[in-house]
file data.cif (mmCIF, C-alpha atoms)
data_my_file
#
loop_
_atom_site.group_PDB
_atom_site.id
_atom_site.type_symbol
_atom_site.label_atom_id
_atom_site.label_comp_id
_atom_site.auth_asym_id
_atom_site.auth_seq_id
_atom_site.Cartn_x
_atom_site.Cartn_y
_atom_site.Cartn_z
ATOM 1 C CA MET L 1 32.619 25.010 -31.832
ATOM 2 C CA LYS L 2 30.342 25.718 -28.847
ATOM 3 C CA GLU L 3 27.357 24.350 -30.765
ATOM 4 C CA LEU L 4 29.337 21.199 -31.551
ATOM 5 C CA ILE L 5 30.233 20.791 -27.877
ATOM 6 C CA GLY L 6 26.537 20.992 -27.077
ATOM 7 C CA GLU L 7 25.749 18.254 -29.617
ATOM 8 C CA PHE L 8 28.543 16.085 -28.200
ATOM 9 C CA ILE L 9 27.334 16.495 -24.606
ATOM 10 C CA ASN L 10 23.779 15.597 -25.637
ATOM 11 C CA TYR L 11 25.110 12.527 -27.430
ATOM 12 C CA ILE L 12 27.122 11.127 -24.493
ATOM 13 C CA ALA L 13 24.303 11.973 -22.076
ATOM 14 C CA VAL L 14 21.946 9.739 -24.062
ATOM 15 C CA GLU L 15 24.338 7.047 -25.294
ATOM 16 C CA ARG L 16 26.460 6.594 -22.171
ATOM 17 C CA GLY L 17 24.092 7.739 -19.436
ATOM 18 C CA LEU L 18 26.797 9.720 -17.648
ATOM 19 C CA ALA L 19 26.095 11.520 -14.385
ATOM 20 C CA LYS L 20 25.269 15.233 -14.460
ATOM 21 C CA ASN L 21 28.532 16.180 -12.724
ATOM 22 C CA THR L 22 30.532 14.226 -15.308
ATOM 23 C CA LEU L 23 28.734 15.981 -18.165
ATOM 24 C CA LEU L 24 29.465 19.360 -16.574
ATOM 25 C CA ALA L 25 33.139 18.422 -16.229
ATOM 26 C CA TYR L 26 33.338 17.441 -19.923
ATOM 27 C CA THR L 27 31.643 20.706 -20.886
ATOM 28 C CA LYS L 28 34.073 22.849 -18.868
ATOM 29 C CA ASP L 29 37.120 20.973 -20.186
ATOM 30 C CA LEU L 30 36.033 21.330 -23.811
ATOM 31 C CA GLU L 31 35.110 24.986 -23.395
ATOM 32 C CA LYS L 32 38.611 25.687 -22.089
ATOM 33 C CA TYR L 33 40.024 23.779 -25.067
ATOM 34 C CA THR L 34 37.986 25.750 -27.622
ATOM 35 C CA GLU L 35 38.938 29.035 -25.910
ATOM 36 C CA PHE L 36 42.589 28.072 -26.439
ATOM 37 C CA LEU L 37 41.866 27.330 -30.107
ATOM 38 C CA SER L 38 40.034 30.621 -30.616
ATOM 39 C CA VAL L 39 43.116 32.542 -29.436
ATOM 40 C CA GLY L 40 44.931 30.900 -32.356
ATOM 41 C CA LYS L 41 42.077 31.911 -34.686
ATOM 42 C CA VAL L 42 40.886 28.299 -35.034
ATOM 43 C CA GLN L 43 37.104 28.296 -35.382
ATOM 44 C CA ASN L 44 36.424 25.102 -37.351
ATOM 45 C CA PRO L 45 37.210 21.521 -36.231
ATOM 46 C CA ASP L 46 38.818 20.771 -39.621
ATOM 47 C CA GLU L 47 41.369 23.501 -38.898
ATOM 48 C CA VAL L 48 42.555 21.749 -35.733
ATOM 49 C CA SER L 49 45.906 19.974 -36.067
ATOM 50 C CA ARG L 50 47.893 17.678 -33.816
ATOM 51 C CA ASN L 51 50.090 20.676 -32.928
ATOM 52 C CA HIS L 52 47.052 22.547 -31.619
ATOM 53 C CA VAL L 53 46.150 19.651 -29.314
ATOM 54 C CA THR L 54 49.706 19.180 -28.013
ATOM 55 C CA GLY L 55 50.035 22.956 -27.673
ATOM 56 C CA PHE L 56 46.956 22.995 -25.448
ATOM 57 C CA MET L 57 48.386 20.202 -23.297
ATOM 58 C CA LEU L 58 51.672 22.078 -22.998
ATOM 59 C CA ALA L 59 49.786 25.206 -21.932
ATOM 60 C CA LEU L 60 48.030 23.205 -19.203
ATOM 61 C CA LYS L 61 51.385 21.877 -18.013
ATOM 62 C CA LYS L 62 52.817 25.419 -17.838
ATOM 63 C CA GLN L 63 49.847 26.347 -15.635
ATOM 64 C CA GLY L 64 51.090 23.757 -13.160
ATOM 65 C CA MET L 65 48.415 21.181 -13.927
ATOM 66 C CA SER L 66 49.155 17.577 -12.952
ATOM 67 C CA ALA L 67 49.567 14.775 -15.487
ATOM 68 C CA THR L 68 46.348 13.233 -14.175
ATOM 69 C CA SER L 69 44.352 16.390 -14.900
ATOM 70 C CA ILE L 70 45.938 16.819 -18.338
ATOM 71 C CA CYS L 71 44.983 13.228 -19.170
ATOM 72 C CA ARG L 72 41.399 13.995 -18.163
ATOM 73 C CA TYR L 73 41.353 16.938 -20.596
ATOM 74 C CA LEU L 74 42.891 14.823 -23.361
ATOM 75 C CA ALA L 75 40.316 12.055 -22.833
ATOM 76 C CA ALA L 76 37.499 14.580 -23.319
ATOM 77 C CA ILE L 77 39.179 16.078 -26.400
ATOM 78 C CA LYS L 78 39.720 12.643 -27.983
ATOM 79 C CA MET L 79 36.080 11.664 -27.411
ATOM 80 C CA PHE L 80 34.933 14.992 -28.854
ATOM 81 C CA HIS L 81 36.932 14.692 -32.096
ATOM 82 C CA ARG L 82 35.977 11.032 -32.572
ATOM 83 C CA PHE L 83 32.344 12.045 -32.249
ATOM 84 C CA LEU L 84 32.771 14.791 -34.846
ATOM 85 C CA VAL L 85 34.324 12.374 -37.363
ATOM 86 C CA ARG L 86 31.713 9.681 -36.696
ATOM 87 C CA GLU L 87 28.879 12.161 -37.228
ATOM 88 C CA ASN L 88 30.528 13.576 -40.393
ATOM 89 C CA LEU L 89 30.956 16.948 -38.730
ATOM 90 C CA SER L 90 34.708 16.803 -39.285
ATOM 91 C CA LYS L 91 36.921 14.993 -41.820
ATOM 92 C CA GLU L 92 39.887 13.979 -39.636
ATOM 93 C CA ASP L 93 40.671 13.306 -35.987
ATOM 94 C CA PRO L 94 43.755 15.357 -34.980
ATOM 95 C CA THR L 95 44.161 13.413 -31.731
ATOM 96 C CA THR L 96 44.962 10.000 -33.259
ATOM 97 C CA LEU L 97 48.737 10.444 -32.886
ATOM 98 C CA VAL L 98 48.676 12.394 -29.623
ATOM 99 C CA ASP L 99 50.203 10.390 -26.781
ATOM 100 C CA THR L 100 48.807 10.367 -23.270
ATOM 101 C CA PRO L 101 51.180 11.925 -20.690
ATOM 102 C CA LYS L 102 52.882 9.333 -18.523
ATOM 103 C CA LEU L 103 50.996 8.822 -15.305
ATOM 104 C CA PHE L 104 52.499 7.841 -12.016
ATOM 105 C CA LYS L 105 49.605 6.643 -9.930
ATOM 106 C CA ARG L 106 49.775 8.283 -6.558
ATOM 107 C CA VAL L 107 48.817 6.145 -3.628
ATOM 108 C CA PRO L 108 45.812 7.827 -1.962
ATOM 109 C CA GLU L 109 46.094 8.948 1.642
ATOM 110 C CA VAL L 110 44.272 6.576 3.966
ATOM 111 C CA LEU L 111 43.549 6.378 7.670
ATOM 112 C CA THR L 112 44.688 3.626 9.989
ATOM 113 C CA GLN L 113 42.098 1.564 11.834
ATOM 114 C CA LYS L 114 43.058 3.319 15.055
ATOM 115 C CA GLU L 115 42.530 6.733 13.473
ATOM 116 C CA VAL L 116 39.081 5.706 12.226
ATOM 117 C CA GLU L 117 38.161 4.466 15.701
ATOM 118 C CA VAL L 118 39.235 7.771 17.272
ATOM 119 C CA ILE L 119 37.210 9.789 14.736
ATOM 120 C CA LEU L 120 34.100 7.700 15.368
ATOM 121 C CA GLN L 121 34.554 7.923 19.153
ATOM 122 C CA VAL L 122 34.838 11.719 18.985
ATOM 123 C CA ALA L 123 31.730 11.937 16.778
ATOM 124 C CA GLN L 124 29.769 9.529 18.981
ATOM 125 C CA GLN L 125 30.412 11.677 22.042
ATOM 126 C CA ALA L 126 28.920 14.763 20.383
ATOM 127 C CA ARG L 127 25.721 16.258 21.706
ATOM 128 C CA PHE L 128 22.353 14.883 20.617
ATOM 129 C CA GLY L 129 21.966 17.328 17.756
ATOM 130 C CA LYS L 130 25.275 16.197 16.283
ATOM 131 C CA LYS L 131 24.616 12.465 16.516
ATOM 132 C CA ARG L 132 23.641 12.609 12.858
ATOM 133 C CA ASP L 133 27.294 13.332 12.040
ATOM 134 C CA TYR L 134 28.381 10.145 13.787
ATOM 135 C CA VAL L 135 25.849 8.121 11.785
ATOM 136 C CA ILE L 136 27.117 9.631 8.537
ATOM 137 C CA LEU L 137 30.743 8.823 9.387
ATOM 138 C CA GLU L 138 29.869 5.294 10.526
ATOM 139 C CA LEU L 139 27.946 4.588 7.321
ATOM 140 C CA PHE L 140 30.615 6.213 5.173
ATOM 141 C CA TYR L 141 33.322 3.951 6.577
ATOM 142 C CA ALA L 142 31.039 0.896 6.500
ATOM 143 C CA SER L 143 30.051 1.278 2.843
ATOM 144 C CA GLY L 144 32.786 3.174 0.986
ATOM 145 C CA MET L 145 30.168 5.193 -0.886
ATOM 146 C CA ARG L 146 30.931 8.370 -2.779
ATOM 147 C CA VAL L 147 29.822 11.593 -1.066
ATOM 148 C CA SER L 148 27.290 12.218 -3.850
ATOM 149 C CA GLU L 149 25.827 8.749 -3.336
ATOM 150 C CA LEU L 150 25.509 9.225 0.403
ATOM 151 C CA VAL L 151 23.584 12.513 0.202
ATOM 152 C CA ASP L 152 21.221 10.977 -2.383
ATOM 153 C CA LEU L 153 20.212 8.090 -0.093
ATOM 154 C CA LYS L 154 16.535 7.670 0.725
ATOM 155 C CA LEU L 155 14.827 5.876 3.579
ATOM 156 C CA THR L 156 13.967 3.149 1.099
ATOM 157 C CA SER L 157 17.669 2.819 0.206
ATOM 158 C CA ILE L 158 18.497 1.059 3.465
ATOM 159 C CA ASN L 159 17.450 -2.348 4.739
ATOM 160 C CA LEU L 160 18.402 -2.646 8.381
ATOM 161 C CA GLU L 161 16.930 -6.106 8.842
ATOM 162 C CA ILE L 162 19.083 -7.741 6.183
ATOM 163 C CA GLY L 163 21.899 -5.195 6.459
ATOM 164 C CA PHE L 164 22.499 -3.491 3.129
ATOM 165 C CA VAL L 165 22.306 -0.094 1.485
ATOM 166 C CA ARG L 166 21.336 0.540 -2.138
ATOM 167 C CA ALA L 167 23.508 3.209 -3.750
ATOM 168 C CA LEU L 168 22.931 4.954 -7.063
ATOM 169 C CA GLY L 169 26.366 5.495 -8.597
ATOM 170 C CA LYS L 170 27.834 7.026 -11.733
ATOM 171 C CA GLY L 171 25.690 6.676 -14.820
ATOM 172 C CA SER L 172 22.687 5.910 -12.563
ATOM 173 C CA LYS L 173 24.050 2.415 -11.949
ATOM 174 C CA GLU L 174 22.577 0.838 -8.840
ATOM 175 C CA ARG L 175 24.549 -1.438 -6.536
ATOM 176 C CA ILE L 176 23.913 -3.187 -3.240
ATOM 177 C CA ILE L 177 26.494 -2.718 -0.478
ATOM 178 C CA PRO L 178 26.425 -4.781 2.725
ATOM 179 C CA ILE L 179 26.811 -2.895 6.003
ATOM 180 C CA GLY L 180 27.827 -4.202 9.412
ATOM 181 C CA LYS L 181 26.232 -4.238 12.841
ATOM 182 C CA LYS L 182 27.614 -0.884 14.013
ATOM 183 C CA ALA L 183 26.341 0.986 10.963
ATOM 184 C CA ARG L 184 22.946 -0.714 11.189
ATOM 185 C CA GLU L 185 22.577 0.232 14.872
ATOM 186 C CA ALA L 186 23.607 3.825 14.156
ATOM 187 C CA LEU L 187 21.143 4.120 11.257
ATOM 188 C CA ALA L 188 18.307 2.620 13.303
ATOM 189 C CA TYR L 189 18.945 5.157 16.068
ATOM 190 C CA TYR L 190 19.084 8.031 13.585
ATOM 191 C CA CYS L 191 15.860 7.038 11.830
ATOM 192 C CA GLU L 192 13.980 6.586 15.106
ATOM 193 C CA LYS L 193 15.333 9.386 17.297
ATOM 194 C CA ILE L 194 17.009 12.090 15.199
ATOM 195 C CA ARG L 195 15.505 12.364 11.735
ATOM 196 C CA PRO L 196 11.859 12.738 12.922
ATOM 197 C CA LYS L 197 12.830 15.882 14.872
ATOM 198 C CA VAL L 198 13.765 17.787 11.707
ATOM 199 C CA ALA L 199 11.717 15.999 9.040
ATOM 200 C CA SER L 200 8.831 17.819 7.356
ATOM 201 C CA PRO L 201 6.463 17.080 4.458
ATOM 202 C CA SER L 202 9.004 18.660 2.099
ATOM 203 C CA SER L 203 11.721 16.265 3.300
ATOM 204 C CA ALA L 204 10.091 13.441 1.323
ATOM 205 C CA ASP L 205 12.018 10.251 2.064
ATOM 206 C CA ILE L 206 15.538 11.722 1.917
ATOM 207 C CA LEU L 207 17.648 9.971 4.540
ATOM 208 C CA PHE L 208 20.113 12.591 5.761
ATOM 209 C CA LEU L 209 18.645 16.012 6.513
ATOM 210 C CA ASN L 210 20.069 19.311 7.660
ATOM 211 C CA PRO L 211 18.528 21.192 10.657
ATOM 212 C CA SER L 212 15.994 22.780 8.289
ATOM 213 C CA GLY L 213 14.711 19.391 7.193
ATOM 214 C CA LYS L 214 16.245 19.683 3.715
ATOM 215 C CA LYS L 215 18.610 17.412 1.868
ATOM 216 C CA LEU L 216 22.174 17.530 3.162
ATOM 217 C CA SER L 217 24.639 18.937 0.630
ATOM 218 C CA ARG L 218 27.909 17.344 -0.447
ATOM 219 C CA GLN L 219 29.753 20.355 0.931
ATOM 220 C CA SER L 220 28.162 19.785 4.349
ATOM 221 C CA VAL L 221 29.347 16.160 4.417
ATOM 222 C CA TRP L 222 32.836 17.289 3.436
ATOM 223 C CA HIS L 223 32.825 19.801 6.325
ATOM 224 C CA ILE L 224 31.685 17.051 8.701
ATOM 225 C CA ILE L 225 34.591 14.818 7.683
ATOM 226 C CA LYS L 226 37.134 17.622 8.073
ATOM 227 C CA LYS L 227 35.672 18.706 11.402
ATOM 228 C CA TYR L 228 35.934 15.348 13.123
ATOM 229 C CA MET L 229 39.337 14.557 11.688
ATOM 230 C CA ARG L 230 40.513 17.856 13.142
ATOM 231 C CA LEU L 231 38.861 17.141 16.508
ATOM 232 C CA ALA L 232 40.507 13.710 16.497
ATOM 233 C CA GLY L 233 43.899 15.382 16.058
ATOM 234 C CA ILE L 234 44.555 13.837 12.637
ATOM 235 C CA LYS L 235 46.744 16.045 10.468
ATOM 236 C CA LYS L 236 46.850 13.973 7.292
ATOM 237 C CA ASN L 237 46.129 15.513 3.901
ATOM 238 C CA ILE L 238 42.486 14.492 3.750
ATOM 239 C CA LYS L 239 40.135 14.738 0.779
ATOM 240 C CA PRO L 240 36.428 13.974 0.255
ATOM 241 C CA HIS L 241 37.289 10.403 -0.759
ATOM 242 C CA THR L 242 39.574 9.687 2.228
ATOM 243 C CA LEU L 243 37.051 7.454 4.015
ATOM 244 C CA ARG L 244 36.232 5.730 0.711
ATOM 245 C CA HIS L 245 39.938 5.032 0.150
ATOM 246 C CA THR L 246 40.215 3.819 3.738
ATOM 247 C CA PHE L 247 37.225 1.489 3.366
ATOM 248 C CA ALA L 248 38.774 -0.222 0.328
ATOM 249 C CA THR L 249 42.254 -0.438 1.817
ATOM 250 C CA HIS L 250 41.098 -1.969 5.095
ATOM 251 C CA LEU L 251 39.031 -4.580 3.245
ATOM 252 C CA LEU L 252 42.050 -5.667 1.201
ATOM 253 C CA GLU L 253 44.300 -5.658 4.259
ATOM 254 C CA HIS L 254 41.959 -8.138 5.899
ATOM 255 C CA GLY L 255 41.842 -10.499 2.935
ATOM 256 C CA ALA L 256 38.950 -9.321 0.749
ATOM 257 C CA ASP L 257 39.314 -10.199 -2.941
ATOM 258 C CA LEU L 258 39.751 -7.425 -5.479
ATOM 259 C CA ARG L 259 36.586 -8.258 -7.463
ATOM 260 C CA SER L 260 34.386 -7.970 -4.375
ATOM 261 C CA VAL L 261 35.929 -4.617 -3.468
ATOM 262 C CA GLN L 262 35.449 -3.451 -7.065
ATOM 263 C CA GLU L 263 31.756 -4.327 -6.881
ATOM 264 C CA MET L 264 31.244 -2.567 -3.549
ATOM 265 C CA LEU L 265 33.020 0.569 -4.769
ATOM 266 C CA GLY L 266 31.094 0.581 -8.038
ATOM 267 C CA HIS L 267 34.178 0.743 -10.265
ATOM 268 C CA ALA L 268 33.491 -0.078 -13.904
ATOM 269 C CA ASP L 269 37.129 -1.072 -14.466
ATOM 270 C CA ILE L 270 39.077 -3.237 -12.006
ATOM 271 C CA SER L 271 42.258 -1.292 -12.824
ATOM 272 C CA THR L 272 40.737 1.601 -10.864
ATOM 273 C CA THR L 273 40.374 -0.656 -7.837
ATOM 274 C CA GLN L 274 43.929 -1.976 -8.167
ATOM 275 C CA ILE L 275 45.358 1.283 -6.817
ATOM 276 C CA TYR L 276 44.361 0.016 -3.379
ATOM 277 C CA THR L 277 46.615 -3.009 -3.766
ATOM 278 C CA HIS L 278 49.467 -0.509 -4.099
ATOM 279 C CA VAL L 279 48.385 1.017 -0.785
ATOM 280 C CA ASP L 280 48.558 -2.399 0.856
ATOM 281 C CA ARG L 281 51.988 -3.098 -0.654
ATOM 282 C CA GLU L 282 53.282 0.217 0.657
ATOM 283 C CA ARG L 283 52.059 -0.734 4.135
ATOM 284 C CA LEU L 284 53.804 -4.118 3.915
ATOM 285 C CA LYS L 285 57.042 -2.465 2.803
ATOM 286 C CA SER L 286 56.815 -0.108 5.760
ATOM 287 C CA VAL L 287 56.282 -3.019 8.178
ATOM 288 C CA HIS L 288 59.199 -4.928 6.631
ATOM 289 C CA LYS L 289 61.507 -1.933 6.901
ATOM 290 C CA GLN L 290 60.522 -1.347 10.525
ATOM 291 C CA PHE L 291 60.776 -4.891 11.825
ATOM 292 C CA HIS L 292 63.159 -6.867 9.589
ATOM 293 C CA PRO L 293 66.712 -7.031 10.985
ATOM 294 C CA ARG L 294 68.126 -5.945 7.628
ATOM 295 C CA GLY L 295 65.228 -3.735 6.601
#

call {"tool": "encode", "arguments": {"input": "data.cif", "output": "C-alpha cells"}}
result
Amino acid sequence: MKELIGEFINYIAVERGLAKNTLLAYTKDLEKYTEFLSVGKVQNPDEVSRNHVTGFMLALKKQGMSATSICRYLAAIKMFHRFLVRENLSKEDPTTLVDTPKLFKRVPEVLTQKEVEVILQVAQQARFGKKRDYVILELFYASGMRVSELVDLKLTSINLEIGFVRALGKGSKERIIPIGKKAREALAYYCEKIRPKVASPSSADILFLNPSGKKLSRQSVWHIIKKYMRLAGIKKNIKPHTLRHTFATHLLEHGADLRSVQEMLGHADISTTQIYTHVDRERLKSVHKQFHPRG
C-alpha cells in the first residue's frame, strides 16, 4: 500500500500541480489510513471494503477529531481509491457509497478595525530593529496573503510605484494583489532603511529577512502575529490566518464584491470565500440585537 501511495502522490503532483505542503498532508493522511488497515490485516486495496473506510472515520471521531478534519481525510482516501481504479491497480472503489460527515462551517475569528489599528500602532512604535515586524503586519493586513506566500516574497514581487504585490499561491498559481498607501510607504521604508542592514550575498532577492540575513520562516511570522496581538491586549483565539480572515471580512463589510475578494485571496472555489459573508451576517445580527428596540 505504501508503494501505491507513492505512485498516487507522484500522479497528483504532476497532474494537479499541488503545493509541497499539500502533498505532504495527503501523504500523512493516507499513511495513517493504511496503518489502520494493516491492523485489520488488510494489505491489498481490493481487500478494502466500505466498512473499513467508515471504521477508519469512526476511529478518527473517537480520537476527538473534528468533522472538518475527518472530511479532509476522507477526501484524500476517495482520491486515492479513484486513482487506483483508474490506473487498473484496483477493481472497485470502496468509497463510492461513503457519505461525507455533516459540516457546520465555523465562522473564523476576526479582528475589528480598532483592534487592527492598535496592533499596528504598537508594532510601529517598536525600536528600529523591530520595524520589520510592523511592515510585515501592515502588508499582511493590506493583502490578505497566506503566511507561506508572504515569506516567499521577493524584491521583484512588489511594485511600489503602481501599488501591487505578486503572490505565488497554492499549486504555484500567481496572482496580483493591490496594496494601499500605508503598506507601500512601510515597504519602501523597509527596503531602503532596514533590509540593507542585514542583507548579504546569500540573501538573494528574498524580501523579508531574519537578523542573520536569511529567509524568514513561517513560524517566525506566526510568532510576530501572536506577539503584537498580546502586546495590544487582544485575547481572542488567534490563528495564523487571523489577519487573512480579517482582511476579507473588512473588505466585504465596506462593500467589496465577493468575486473580487475571491480573486485577491486566491480561492479556486467561491464557496470558500463565502464563509466571510457569514462573518458579516453575524456582525449585522449583533448590531441589530444591540440597537433595535425589540432586538

call {"tool": "closest_residue", "arguments": {"input": "data.cif", "among": "L:Gly163, L:Gly169, L:Gly255, L:Pro45", "to": "Met1 of chain L", "atoms": "only C-alpha atoms"}}
result
L:Pro45

call {"tool": "atom_distance", "arguments": {"input": "data.cif", "atom1": "atom CA of Ile162 of chain L", "atom2": "atom CA of Pro178 of chain L"}}
result
8.6 Å

call {"tool": "residues_around", "arguments": {"input": "data.cif", "residues": "Glu263 of chain L", "least_positions_apart": "6", "cutoff": "12 Å", "atoms": "only C-alpha atoms", "output": "list in words"}}
result
Ser143, Gly144, Met145, Ala167, Gly169, Lys173, Glu174, Arg175, Ile176, Ile177, Pro178, Ala248, Ala256, Asp257, Asp269, Ile270, Thr272 and Thr273 of chain L

call {"tool": "resolve_selection", "arguments": {"input": "data.cif", "expression": "the PyMOL selection byres ((chain L and resi 228) around 10)", "output": "list in words"}}
result
Val118, Ile119, Leu120, Gln121, Val122, Ala123, Asp133, Tyr134, Leu137, His223, Ile224, Ile225, Lys226, Lys227, Met229, Arg230, Leu231, Ala232, Gly233 and Ile234 of chain L

call {"tool": "atom_distance", "arguments": {"input": "data.cif", "atom1": "atom CA of His52 of chain L", "atom2": "atom CA of Asn10 of chain L"}}
result
25.0 Å

call {"tool": "residues_around", "arguments": {"input": "data.cif", "residues": "Val48 of chain L", "least_positions_apart": "5", "cutoff": "8 Å", "atoms": "all atoms listed in the file", "output": "ChimeraX atom specification"}}
result
/L:37,42,53,94
